[in-house]
Every structure is written in structure tokens, then in C-alpha cells.
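Below is the file protein_11.txt, which contains compact mmCIF, C-alpha atoms.
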# COMPACT_ATOMS: atom_id res chain seq x y z
CA MET A 1 18.10 23.63 -10.75
CA SER A 2 21.66 23.18 -9.51
CA ARG A 3 22.50 20.55 -6.94
CA PRO A 4 22.31 21.96 -3.40
CA THR A 5 25.61 22.49 -1.59
CA THR A 6 24.33 24.10 1.60
CA LYS A 7 21.66 23.31 4.16
CA ALA A 8 19.63 26.34 3.09
CA ASP A 9 19.82 25.28 -0.57
CA LEU A 10 18.84 21.72 0.31
CA ILE A 11 15.81 22.81 2.32
CA SER A 12 14.77 25.25 -0.40
CA ALA A 13 15.25 22.77 -3.26
CA ALA A 14 13.46 19.95 -1.45
CA ASN A 15 10.47 22.07 -0.55
CA GLU A 16 10.30 23.81 -3.94
CA GLN A 17 10.41 20.54 -5.88
CA PHE A 18 7.91 18.93 -3.51
CA ASP A 19 5.50 21.88 -3.91
CA LYS A 20 5.93 21.85 -7.71
CA MET A 21 5.16 18.15 -7.79
CA TRP A 22 1.96 18.63 -5.78
CA LYS A 23 0.88 21.56 -7.95
CA LEU A 24 1.31 19.31 -10.96
CA ILE A 25 -0.67 16.50 -9.34
CA ASP A 26 -3.39 18.87 -8.12
CA SER A 27 -3.72 20.32 -11.63
CA MET A 28 -4.77 16.91 -12.92
CA PRO A 29 -8.41 15.82 -12.77
CA GLU A 30 -9.07 12.97 -10.35
CA ALA A 31 -9.68 10.58 -13.24
CA ALA A 32 -6.23 11.38 -14.63
CA GLN A 33 -4.66 10.84 -11.21
CA ASP A 34 -6.30 7.41 -11.06
CA ALA A 35 -5.57 6.47 -14.69
CA ALA A 36 -2.99 3.89 -15.67
CA PHE A 37 0.24 5.16 -17.17
CA ASP A 38 0.91 4.56 -20.85
CA PHE A 39 4.58 5.10 -21.57
CA SER A 40 4.64 3.13 -24.81
CA ASN A 41 5.90 6.29 -26.51
CA VAL A 42 9.01 6.59 -24.28
CA ALA A 43 12.11 6.53 -26.44
CA ASP A 44 14.35 4.82 -23.88
CA LYS A 45 12.22 2.00 -22.54
CA LYS A 46 15.36 0.20 -21.32
CA GLU A 47 15.13 1.96 -17.98
CA ALA A 48 13.17 -0.40 -15.74
CA HIS A 49 11.19 2.33 -14.00
CA TRP A 50 9.26 3.15 -17.18
CA ALA A 51 7.69 -0.30 -17.09
CA ARG A 52 7.58 -0.67 -13.30
CA ASP A 53 5.39 2.27 -12.30
CA LYS A 54 1.85 1.71 -13.56
CA ASN A 55 0.16 4.75 -12.03
CA LEU A 56 0.57 7.83 -9.86
CA ARG A 57 0.27 5.77 -6.67
CA ASP A 58 3.31 3.71 -7.69
CA VAL A 59 5.41 6.85 -8.16
CA LEU A 60 4.34 8.38 -4.85
CA ILE A 61 4.92 5.14 -2.96
CA HIS A 62 8.36 4.84 -4.54
CA LEU A 63 9.23 8.28 -3.17
CA TYR A 64 7.75 7.39 0.22
CA GLU A 65 9.68 4.12 0.54
CA TRP A 66 12.97 5.77 -0.41
CA HIS A 67 12.32 8.30 2.37
CA GLN A 68 11.82 5.37 4.73
CA MET A 69 15.03 3.70 3.62
CA VAL A 70 17.08 6.88 4.00
CA LYS A 71 15.49 7.49 7.39
CA GLY A 72 16.43 3.95 8.44
CA TRP A 73 20.02 4.36 7.25
CA TYR A 74 20.17 7.71 9.00
CA GLU A 75 18.90 6.28 12.29
CA GLU A 76 21.25 3.29 12.16
CA GLY A 77 24.31 5.21 10.98
CA THR A 78 23.93 8.71 12.35
CA VAL A 79 21.85 8.29 15.50
CA LYS A 80 23.09 4.86 16.63
CA GLY A 81 26.57 5.07 15.12
CA GLY A 82 26.23 1.76 13.29
CA MET A 83 26.85 0.77 9.69
CA PRO A 84 23.54 0.31 7.88
CA ALA A 85 23.33 -2.03 4.93
CA VAL A 86 22.93 0.43 2.07
CA PRO A 87 20.88 0.10 -0.04
CA GLY A 88 19.79 -2.95 1.94
CA GLY A 89 18.05 -6.27 1.64
CA GLY A 90 20.99 -7.95 -0.11
CA TYR A 91 20.89 -5.40 -2.93
CA THR A 92 23.71 -3.23 -4.25
CA TRP A 93 23.55 0.06 -6.11
CA ALA A 94 23.98 -1.99 -9.30
CA THR A 95 20.92 -4.13 -8.50
CA LEU A 96 18.55 -1.26 -7.64
CA PRO A 97 15.96 -2.27 -10.26
CA GLY A 98 15.34 -5.45 -8.27
CA LEU A 99 15.01 -3.54 -5.01
CA ASN A 100 12.66 -1.03 -6.62
CA MET A 101 10.53 -3.87 -7.98
CA GLU A 102 10.29 -5.34 -4.46
CA ILE A 103 9.10 -1.94 -3.25
CA TRP A 104 6.54 -1.83 -6.05
CA LYS A 105 5.19 -5.28 -5.13
CA ARG A 106 4.97 -4.49 -1.42
CA TYR A 107 2.61 -1.54 -1.87
CA GLN A 108 0.14 -2.68 -4.52
CA ASP A 109 -2.76 -2.72 -2.04
CA VAL A 110 -2.24 0.88 -0.92
CA PRO A 111 -4.84 3.33 -2.28
CA LEU A 112 -3.72 6.56 -3.95
CA SER A 113 -5.20 8.68 -1.15
CA SER A 114 -3.09 6.83 1.43
CA ALA A 115 0.01 7.10 -0.75
CA LYS A 116 -0.48 10.87 -0.87
CA ASP A 117 -0.81 11.10 2.91
CA MET A 118 2.17 8.83 3.49
CA LEU A 119 4.39 10.87 1.17
CA ARG A 120 3.39 14.19 2.72
CA GLU A 121 4.23 12.83 6.17
CA SER A 122 7.53 11.31 5.09
CA HIS A 123 8.59 14.53 3.35
CA ALA A 124 7.91 16.38 6.60
CA ASP A 125 10.06 13.79 8.42
CA MET A 126 12.90 14.33 5.96
CA MET A 127 12.68 18.09 6.42
CA ARG A 128 12.76 17.77 10.22
CA ILE A 129 15.86 15.59 10.04
CA ILE A 130 17.59 17.93 7.60
CA GLY A 131 16.67 20.91 9.75
CA SER A 132 18.24 19.31 12.82
CA HIS A 133 21.72 19.33 11.27
CA THR A 134 24.33 21.97 10.65
CA ASN A 135 25.62 22.80 7.21
CA ASP A 136 28.91 21.05 8.04
CA GLU A 137 27.14 17.90 9.26
CA LEU A 138 25.22 17.75 6.01
CA PHE A 139 27.91 18.67 3.50
CA SER A 140 31.32 17.76 4.90
CA LYS A 141 32.70 14.36 3.93
CA GLY A 142 33.80 12.01 6.67
CA VAL A 143 31.44 13.33 9.34
CA TYR A 144 29.50 10.06 9.47
CA LYS A 145 31.31 6.80 8.87
CA TRP A 146 28.29 5.17 7.24
CA THR A 147 28.15 7.69 4.38
CA LYS A 148 31.66 6.59 3.35
CA THR A 149 32.88 8.87 0.54
CA SER A 150 29.60 10.76 0.30
CA THR A 151 27.91 13.28 2.55
CA LEU A 152 24.76 13.05 4.61
CA GLY A 153 23.32 15.86 2.50
CA ALA A 154 23.83 13.82 -0.67
CA TYR A 155 21.49 11.14 0.67
CA PHE A 156 18.84 13.75 1.44
CA ILE A 157 19.23 15.41 -1.97
CA SER A 158 18.81 12.06 -3.70
CA SER A 159 15.69 11.19 -1.72
CA THR A 160 14.07 14.62 -1.94
CA SER A 161 14.70 17.25 -4.61
CA SER A 162 16.36 14.95 -7.16
CA HIS A 163 13.78 12.23 -6.66
CA TYR A 164 10.91 14.71 -6.89
CA ASP A 165 12.34 15.91 -10.19
CA TRP A 166 12.38 12.32 -11.46
CA ALA A 167 8.76 11.88 -10.35
CA MET A 168 7.64 15.08 -12.07
CA LYS A 169 9.07 13.88 -15.39
CA LYS A 170 6.92 10.77 -15.19
CA ILE A 171 3.84 12.64 -14.00
CA LYS A 172 4.20 15.30 -16.71
CA LEU A 173 4.48 12.65 -19.42
CA HIS A 174 1.43 10.87 -18.02
CA ALA A 175 -0.54 14.14 -17.97
CA LYS A 176 0.52 14.86 -21.55
CA ASN A 177 -0.43 11.36 -22.70
CA ILE A 178 -3.95 11.53 -21.30
CA THR A 179 -4.91 14.96 -22.65
Please lay out the structure from this file as C-alpha cells.
Amino acid sequence: MSRPTTKADLISAANEQFDKMWKLIDSMPEAAQDAAFDFSNVADKKEAHWARDKNLRDVLIHLYEWHQMVKGWYEEGTVKGGMPAVPGGGYTWATLPGLNMEIWKRYQDVPLSSAKDMLRESHADMMRIIGSHTNDELFSKGVYKWTKTSTLGAYFISSTSSHYDWAMKKIKLHAKNIT
């Protein structure tokens, strides 16, 4: 799937990837959805996320929290006209593994069923926000000061369709490993 460059493409890609991810999850028996991940066979274990996410809940919560962060940046930067701290919490793009581990720790008491509900709701929030903007607002550089050299659409792509693709890779490998 090519990277979206228009509002219509962004909406389509986000919804298509989200639906594909849920079809994949729904195709798994409940026991598989609840089972711990075993990625000991992953060739490139250097990427921190292979060790961080221990189960499906962890992946879904990761997606949910990134929606929340993007929504917060959006509200601070686009709605209020401020300059949000991106990615936030004293982290930089280079120190994302630490931020992602903090996210992981924060949600360990959340049940899978709640994580599913939270993600469905946050995806709907993302789609409402995307839908409220014009193509130019989403894909022209310099429209919003807080996005700096990027576009608003790039933030939504990263937190929706691209992130759902990342999640599906993990979920598919988990499904393969337990069959």
C-alpha cells in the first residue's frame, strides 16, 4: 500500500488497515488472542518492540496511546495554536523506545476487552479529526507551525494506517507461531 497523499487516500488507508487488523484478530480463537507472544524466532531482535509487547493487549494499547498522543498534539498545536512537546515527556524521536516502554508499563492492568474498546473508540476519534480537515490542511507543509517540516496528515498516517500495518505484522507472526 502506498503512502496516502490526499485526504481521501488517508481515510481509505486508515479504515482499510484498521478493518484488516480486526479481521485478523477476529480470525484468531480467543485462547490465541489471550496467549503470550513468543517472538524468539524473530531474526532482528534488536528492535525493542519485539521484546516489549508480550501479548495482543500490549499491541492494541500501544496503538491506542499513540492515538491519544497525536490527539493531544493536535489539540495543543492545531486547535489552541500552541507548540506541543512532541513526542513529549522529555523524550525525543531518538529515545522513543523509552517512551514506548513507559506506555507499556502504564497499561499493564488493562484487560484485553477494554483495550479493544479503547482502540475502536480512539480510531473513530482519529477519523473524525481527519474528516474535519481539508486536503490542503492535511497535506500542505507550513499550515500548522507545530508540525514544523512535516504535514498534519503525516502524523495521522503514522498513527493510523502505518501503525496498523506494524501491528498486523506482529499479530500475524503471533498467529503463525501458535498454530
Item to check | Proximity to Lys7 in chain A - best of A:Trp22, A:Trp50, A:Phe139, A:Tyr155, only C-alpha atoms | outcome: A:Phe139
Checklist outcome for this item: note - CA of Arg106 in chain A and CA of Met69 in chain A are separated by 13.9 Å
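If you measure from each of A:Glu30, A:Glu121, A:Glu75, A:Glu65 to Ala175 in chain A using only C-alpha atoms, the closest one turns out to be A:Glu30.
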Checklist entry - What gap, in Å, lies between CA of Asn100 in chain A and CA of Pro29 in chain A? => result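 The value is 27.7 Å.
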Checklist entry - Need the neighbours of (31.9, 8.2, 9.8): which residues are at most 10 Å away, counting only C-alpha atoms, as an NGL selection string? => result :A and (77-78 or 81-83 or 141-149 or 151)
Next on the checklist: Nearest residue to Pro111 in chain A out of A:Lys80, A:His133, A:Arg3, A:Arg57, using all atoms listed in the file?
Outcome noted: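 Nearest to Pro111 in chain A: A:Arg57.
Between CA of Ala8 in chain A and CA of Leu24 in chain A the separation is 24.1 Å.
Nearest residue to Ser158 in chain A, choosing from A:Ala14, A:Thr134, A:Ser27, A:Thr95 and counting only C-alpha atoms: A:Ala14.
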Item to check | Minimum-distance residue to Ile25 in chain A, chosen among A:Ala154, A:Val70, A:Val79, A:Leu56 (using only C-alpha atoms) | outcome: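 Nearest to Ile25 in chain A: A:Leu56.
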Next on the checklist: Please list, as a PyMOL selection string, the residues that have an atom at most 9 Å away from (0.6, 1.5, -9.9) in the coordinates of this file, counting all atoms listed in the file.
Outcome noted: chain A and resi 36-37+52-59+61+104+107-108+112
Item to check | Neighbour list for Leu10 in chain A as a list in words, cut-off 9 Å, only C-alpha atoms, skip fewer than 6 positions in-chain | outcome: Arg3, Pro4, Ile130, Gly153, Phe156, Ile157, Thr160 and Ser161 of chain A
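Between Lys105 in chain A and the candidates A:His62, A:Asn15, A:Ser150, A:Arg128, the tightest atom-to-atom separation, counting all atoms listed in the file, involves A:His62.
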Kindly provide, as lines of an AutoDock Vina configuration file, the centre and edge lengths (Å, one decimal) of an axis-aligned box around all atoms of range 99-109 of chain A given in the file, with 5 Å on each side.
center_x = 6.1
center_y = -3.2
center_z = -4.7
size_x = 27.8
size_y = 14.3
size_z = 16.6
Using the atoms already present, construct N, CA and C atoms for range 29-40 of chain A and hand them back as a PDB file, in the coordinates of the input.
ATOM      1  N   PRO A  29      -7.110  16.298 -13.246  1.00  0.00           N
ATOM      2  CA  PRO A  29      -8.410  15.820 -12.770  1.00  0.00           C
ATOM      3  C   PRO A  29      -8.236  14.492 -12.029  1.00  0.00           C
ATOM      4  N   GLU A  30      -9.165  14.203 -11.146  1.00  0.00           N
ATOM      5  CA  GLU A  30      -9.070  12.970 -10.350  1.00  0.00           C
ATOM      6  C   GLU A  30      -8.985  11.734 -11.249  1.00  0.00           C
ATOM      7  N   ALA A  31      -9.719  11.735 -12.336  1.00  0.00           N
ATOM      8  CA  ALA A  31      -9.680  10.580 -13.240  1.00  0.00           C
ATOM      9  C   ALA A  31      -8.283  10.382 -13.821  1.00  0.00           C
ATOM     10  N   ALA A  32      -7.590  11.464 -14.110  1.00  0.00           N
ATOM     11  CA  ALA A  32      -6.230  11.380 -14.630  1.00  0.00           C
ATOM     12  C   ALA A  32      -5.263  10.888 -13.551  1.00  0.00           C
ATOM     13  N   GLN A  33      -5.508  11.297 -12.309  1.00  0.00           N
ATOM     14  CA  GLN A  33      -4.660  10.840 -11.210  1.00  0.00           C
ATOM     15  C   GLN A  33      -4.820   9.336 -10.999  1.00  0.00           C
ATOM     16  N   ASP A  34      -6.020   8.831 -11.246  1.00  0.00           N
ATOM     17  CA  ASP A  34      -6.300   7.410 -11.060  1.00  0.00           C
ATOM     18  C   ASP A  34      -5.972   6.561 -12.293  1.00  0.00           C
ATOM     19  N   ALA A  35      -5.764   7.190 -13.425  1.00  0.00           N
ATOM     20  CA  ALA A  35      -5.570   6.470 -14.690  1.00  0.00           C
ATOM     21  C   ALA A  35      -4.220   5.744 -14.728  1.00  0.00           C
ATOM     22  N   ALA A  36      -4.219   4.649 -15.460  1.00  0.00           N
ATOM     23  CA  ALA A  36      -2.990   3.890 -15.670  1.00  0.00           C
ATOM     24  C   ALA A  36      -2.047   4.676 -16.576  1.00  0.00           C
ATOM     25  N   PHE A  37      -0.766   4.538 -16.321  1.00  0.00           N
ATOM     26  CA  PHE A  37       0.240   5.160 -17.170  1.00  0.00           C
ATOM     27  C   PHE A  37       0.328   4.412 -18.493  1.00  0.00           C
ATOM     28  N   ASP A  38       0.608   5.152 -19.550  1.00  0.00           N
ATOM     29  CA  ASP A  38       0.910   4.560 -20.850  1.00  0.00           C
ATOM     30  C   ASP A  38       2.177   5.225 -21.347  1.00  0.00           C
ATOM     31  N   PHE A  39       3.301   4.554 -21.137  1.00  0.00           N
ATOM     32  CA  PHE A  39       4.580   5.100 -21.570  1.00  0.00           C
ATOM     33  C   PHE A  39       5.122   4.361 -22.786  1.00  0.00           C
ATOM     34  N   SER A  40       4.213   3.863 -23.610  1.00  0.00           N
ATOM     35  CA  SER A  40       4.640   3.130 -24.810  1.00  0.00           C
ATOM     36  C   SER A  40       5.386   4.030 -25.788  1.00  0.00           C
TER      37      SER A  40
END
